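Printed here is start-v2.txt (compact mmCIF, C-alpha atoms):
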```
# COMPACT_ATOMS: atom_id res chain seq x y z
CA MET Z 1 98.11 100.24 92.15
CA HIS Z 2 97.54 103.83 93.33
CA TRP Z 3 98.58 105.41 90.03
CA VAL Z 4 96.76 102.85 87.87
CA ASN Z 5 93.64 103.61 89.93
CA ALA Z 6 94.22 107.36 89.57
CA LEU Z 7 94.65 107.27 85.79
CA SER Z 8 91.72 104.87 85.32
CA MET Z 9 89.51 107.01 87.55
CA LEU Z 10 90.34 110.18 85.59
CA ILE Z 11 89.47 108.43 82.31
CA MET Z 12 86.27 107.07 83.85
CA ILE Z 13 85.24 110.52 85.11
CA GLY Z 14 86.06 112.33 81.86
CA SER Z 15 84.36 109.74 79.66
CA GLY Z 16 81.43 109.52 82.08
CA TRP Z 17 80.91 113.26 81.76
CA GLU Z 18 80.80 112.92 77.97
CA ILE Z 19 78.29 110.06 78.27
CA TYR Z 20 76.24 112.12 80.74
CA ASN Z 21 76.15 115.07 78.31
CA ASP Z 22 74.37 112.86 75.76
CA GLU Z 23 71.43 112.24 78.13
CA VAL Z 24 71.60 114.65 81.08
CA ILE Z 25 69.99 113.95 84.42
CA PHE Z 26 69.91 117.60 85.48
CA GLY Z 27 68.89 119.91 82.64
CA TRP Z 28 71.05 122.76 83.93
CA LEU Z 29 74.26 120.70 84.15
CA HIS Z 30 76.43 120.04 81.10
CA PHE Z 31 80.16 119.38 81.27
CA PRO Z 32 82.37 121.47 78.96
CA HIS Z 33 83.81 119.47 76.07
CA TRP Z 34 87.39 120.27 77.10
CA MET Z 35 86.78 118.42 80.39
CA THR Z 36 85.49 115.24 78.76
CA VAL Z 37 87.08 112.18 77.15
CA GLY Z 38 85.82 110.41 74.06
CA ASP Z 39 84.68 113.03 71.53
CA GLY Z 40 81.03 112.00 71.57
CA PRO Z 41 79.02 109.35 73.39
CA GLU Z 42 80.24 106.39 71.29
CA GLY Z 43 83.92 107.17 71.84
CA ALA Z 44 83.27 108.01 75.49
CA LEU Z 45 81.62 104.61 76.02
CA GLN Z 46 84.67 102.86 74.59
CA TRP Z 47 87.01 104.81 76.88
CA HIS Z 48 84.67 104.22 79.82
CA PHE Z 49 84.57 100.44 79.27
CA PHE Z 50 88.34 100.26 78.77
CA ALA Z 51 89.06 102.16 81.99
CA MET Z 52 86.30 100.24 83.77
CA TRP Z 53 88.02 96.90 83.19
CA VAL Z 54 91.47 98.27 84.09
CA LEU Z 55 90.03 99.77 87.28
CA MET Z 56 88.10 96.61 88.08
CA ILE Z 57 91.10 94.28 87.68
CA ASN Z 58 93.39 96.66 89.55
CA GLY Z 59 90.76 97.20 92.26
CA LEU Z 60 90.28 93.47 92.79
CA CYS Z 61 94.06 93.06 93.09
CA TYR Z 62 94.12 95.94 95.58
CA LEU Z 63 91.31 94.43 97.66
CA ALA Z 64 92.92 90.98 97.58
CA TYR Z 65 96.26 92.45 98.66
CA GLY Z 66 94.65 94.59 101.38
CA PHE Z 67 92.75 91.68 102.90
CA ALA Z 68 95.43 88.99 102.41
CA THR Z 69 98.20 91.02 104.00
CA GLY Z 70 96.03 92.46 106.77
CA ARG Z 71 96.89 95.97 105.54
CA PHE Z 72 93.26 97.11 105.71
CA ARG Z 73 92.90 95.86 109.27
CA ARG Z 74 96.22 97.46 110.34
CA LYS Z 75 95.85 100.78 108.54
CA LEU Z 76 92.08 101.43 108.50
CA LEU Z 77 90.71 99.88 111.69
CA PRO Z 78 89.52 100.63 114.27
CA ILE Z 79 87.80 103.96 113.69
CA SER Z 80 86.83 105.30 117.08
CA PRO Z 81 84.17 108.05 117.33
CA ARG Z 82 86.17 109.76 120.07
CA GLU Z 83 89.33 109.84 117.91
CA LEU Z 84 87.27 110.99 114.91
CA ILE Z 85 85.84 113.95 116.84
CA ALA Z 86 89.27 114.85 118.23
CA THR Z 87 90.88 114.67 114.77
CA ILE Z 88 88.17 116.86 113.24
CA GLY Z 89 88.71 119.37 116.06
CA ASP Z 90 92.47 119.36 115.45
CA ALA Z 91 91.92 119.85 111.72
CA LEU Z 92 89.54 122.77 112.26
CA ARG Z 93 92.15 124.43 114.51
CA PHE Z 94 94.91 123.67 111.95
CA LYS Z 95 96.70 121.61 114.62
CA LEU Z 96 96.67 118.27 112.78
CA GLY Z 97 100.02 116.52 113.11
CA HIS Z 98 101.74 115.10 110.03
CA ASP Z 99 104.94 113.81 111.59
CA ASP Z 100 104.34 110.12 110.82
CA ILE Z 101 102.70 109.61 107.44
CA THR Z 102 102.71 105.82 107.91
CA HIS Z 103 99.77 106.08 110.32
CA TYR Z 104 96.34 107.35 109.31
CA ASN Z 105 94.30 109.53 111.60
CA ALA Z 106 90.61 108.79 112.18
CA VAL Z 107 89.41 111.11 109.41
CA GLN Z 108 91.78 109.51 106.90
CA LYS Z 109 90.63 106.05 107.95
CA LEU Z 110 86.98 107.02 107.56
CA LEU Z 111 87.58 108.63 104.15
CA TYR Z 112 89.56 105.65 102.82
CA VAL Z 113 86.99 103.12 104.02
CA GLY Z 114 84.25 105.37 102.64
CA ILE Z 115 85.85 105.73 99.20
CA ILE Z 116 86.29 101.95 98.93
CA LEU Z 117 82.58 101.50 99.71
CA ILE Z 118 81.59 104.24 97.25
CA ILE Z 119 83.64 102.56 94.50
CA VAL Z 120 81.88 99.26 95.22
CA VAL Z 121 78.52 101.03 94.81
CA GLN Z 122 79.87 102.67 91.64
CA VAL Z 123 80.71 99.28 90.17
CA LEU Z 124 77.28 97.89 91.04
CA SER Z 125 75.36 100.92 89.78
CA GLY Z 126 77.56 101.00 86.66
CA PHE Z 127 76.70 97.39 85.87
CA ALA Z 128 73.02 98.19 86.47
CA VAL Z 129 73.24 101.08 83.98
CA TRP Z 130 75.23 99.02 81.46
CA LYS Z 131 72.99 95.93 81.51
CA PRO Z 132 69.63 96.97 83.05
CA ILE Z 133 67.67 94.05 81.50
CA GLN Z 134 70.22 91.28 82.05
CA LEU Z 135 70.92 92.54 85.58
CA SER Z 136 67.36 93.58 86.40
CA GLU Z 137 67.61 92.39 90.02
CA LEU Z 138 70.67 94.59 90.50
CA SER Z 139 68.92 97.47 88.76
CA ALA Z 140 65.95 96.99 91.11
CA LEU Z 141 68.26 97.62 94.10
CA PHE Z 142 68.69 101.14 92.74
CA LEU Z 143 64.97 101.49 91.97
CA GLY Z 144 65.39 100.94 88.24
CA PHE Z 145 67.48 102.33 85.41
CA GLN Z 146 67.09 106.02 86.28
CA GLY Z 147 67.81 105.28 89.94
CA SER Z 148 70.96 103.43 88.87
CA ARG Z 149 72.01 106.43 86.77
CA LEU Z 150 71.38 108.80 89.66
CA ALA Z 151 73.32 106.59 92.12
CA HIS Z 152 76.18 106.39 89.60
CA PHE Z 153 76.15 110.17 89.18
CA VAL Z 154 76.09 110.84 92.93
CA GLY Z 155 78.91 108.32 93.43
CA MET Z 156 80.95 110.08 90.75
CA ALA Z 157 80.39 113.43 92.49
CA LEU Z 158 81.54 111.94 95.81
CA ILE Z 159 84.65 110.47 94.14
CA VAL Z 160 85.47 113.82 92.50
CA GLY Z 161 85.07 115.49 95.90
CA PHE Z 162 87.33 112.89 97.50
CA LEU Z 163 89.96 113.38 94.76
CA LEU Z 164 89.94 117.17 95.21
CA VAL Z 165 90.39 116.85 98.99
CA HIS Z 166 92.98 114.07 98.57
CA VAL Z 167 95.11 116.12 96.16
CA ALA Z 168 94.74 119.35 98.17
CA LEU Z 169 95.83 117.63 101.38
CA ALA Z 170 98.74 115.91 99.61
CA LEU Z 171 99.91 119.32 98.38
CA LEU Z 172 99.64 120.72 101.91
CA VAL Z 173 101.86 117.90 103.23
CA PRO Z 174 104.51 117.61 100.48
CA LYS Z 175 106.32 114.60 101.96
CA THR Z 176 103.25 112.51 101.12
CA ILE Z 177 103.75 113.22 97.42
CA GLY Z 178 107.26 111.80 97.55
CA ALA Z 179 105.94 108.75 99.34
CA MET Z 180 103.23 108.28 96.69
CA LEU Z 181 105.82 108.48 93.91
CA THR Z 182 108.29 106.07 95.50
CA GLY Z 183 105.82 103.56 96.94
CA GLY Z 184 105.80 104.84 100.49
CA PRO Z 185 108.17 106.09 103.16
CA VAL Z 186 110.93 103.90 104.51
CA VAL Z 187 109.63 102.23 107.67
CA GLY Z 188 111.28 100.39 110.51
CA ASP Z 189 111.12 96.68 111.22
CA ASP Z 190 108.75 96.85 114.19
CA ASN Z 191 105.35 95.17 113.91
CA ASP Z 192 103.34 98.39 113.75
CA THR Z 193 104.86 99.74 110.53
CA HIS Z 194 105.51 96.84 108.12
```

Can you dump the structure from the file as structure tokens?
Amino acid sequence: MHWVNALSMLIMIGSGWEIYNDEVIFGWLHFPHWMTVGDGPEGALQWHFFAMWVLMINGLCYLAYGFATGRFRRKLLPISPRELIATIGDALRFKLGHDDITHYNAVQKLLYVGIILIIVVQVLSGFAVWKPIQLSELSALFLGFQGSRLAHFVGMALIVGFLLVHVALALLVPKTIGAMLTGGPVVGDDNDTH
């Protein structure tokens, strides 16, 4: 699911940038053609919709799996403010431990919960942009079509930021890359790690 999400997200971002270039929100910001997918707004929309459905189906499977197995509860909760502050302090002093990659620290938990919530907002704002008349109540939650576009753009920027940090940290802790490629590290049979 991780790699399907990653590929779908890259297609969504690249095609979204091409769509954005057709009707910019910020006059000073255009994405270079070499960074975009779709060769024009029509092709970009087709790529965007294709990746959207792949991401949506895969994301729903991921959410169903995470809730049904209790993985979200085990891996992402609780997030204690005290642990969060301590983890940020350790990270700023470059003293963050990476011995056990099967357990997330408080910052990781917060970022993973946050990115799930951002993706939910992305889906909702994307639907509001796609069908602003048919989904006018949803569009109204974002203060109309332009508000939906802005929310979608800001969500994309947050996702790109998350991806950059995610990849940089994975490169700094190389054993996580092996775990991502093989499906995770081998874990024991105790209740905390299965």

Fill in: For Leu55 of chain Z, the nearest of the candidates Z:Phe72, Z:Trp3, Z:Phe26, Z:Phe67, counting all atoms listed in the file
Z:Trp3

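Candidate residues Z:Lys175, Z:Gln122, Z:Gly144, Z:Ser8 were compared for distance to Trp53 of chain Z, and the nearest is Z:Ser8, using all atoms listed in the file.
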
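Compared by their closest atoms to Pro185 of chain Z, and using all atoms listed in the file, the residues Z:Ser139, Z:Ile101, Z:Ile133, Z:Glu83 rank with Z:Ile101 nearest.
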
Worksheet entry | Using all atoms listed in the file: which of Z:Trp47, Z:Phe142, Z:Tyr112, Z:Phe31 has the shortest distance to Leu10 of chain Z | Z:Trp47

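Of note, atom CA of Leu135 of chain Z and atom CA of Met52 of chain Z are spaced 17.3 Å apart.
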
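We find atom CA of Thr102 of chain Z and atom CA of Val165 of chain Z to be spaced 18.8 Å apart.
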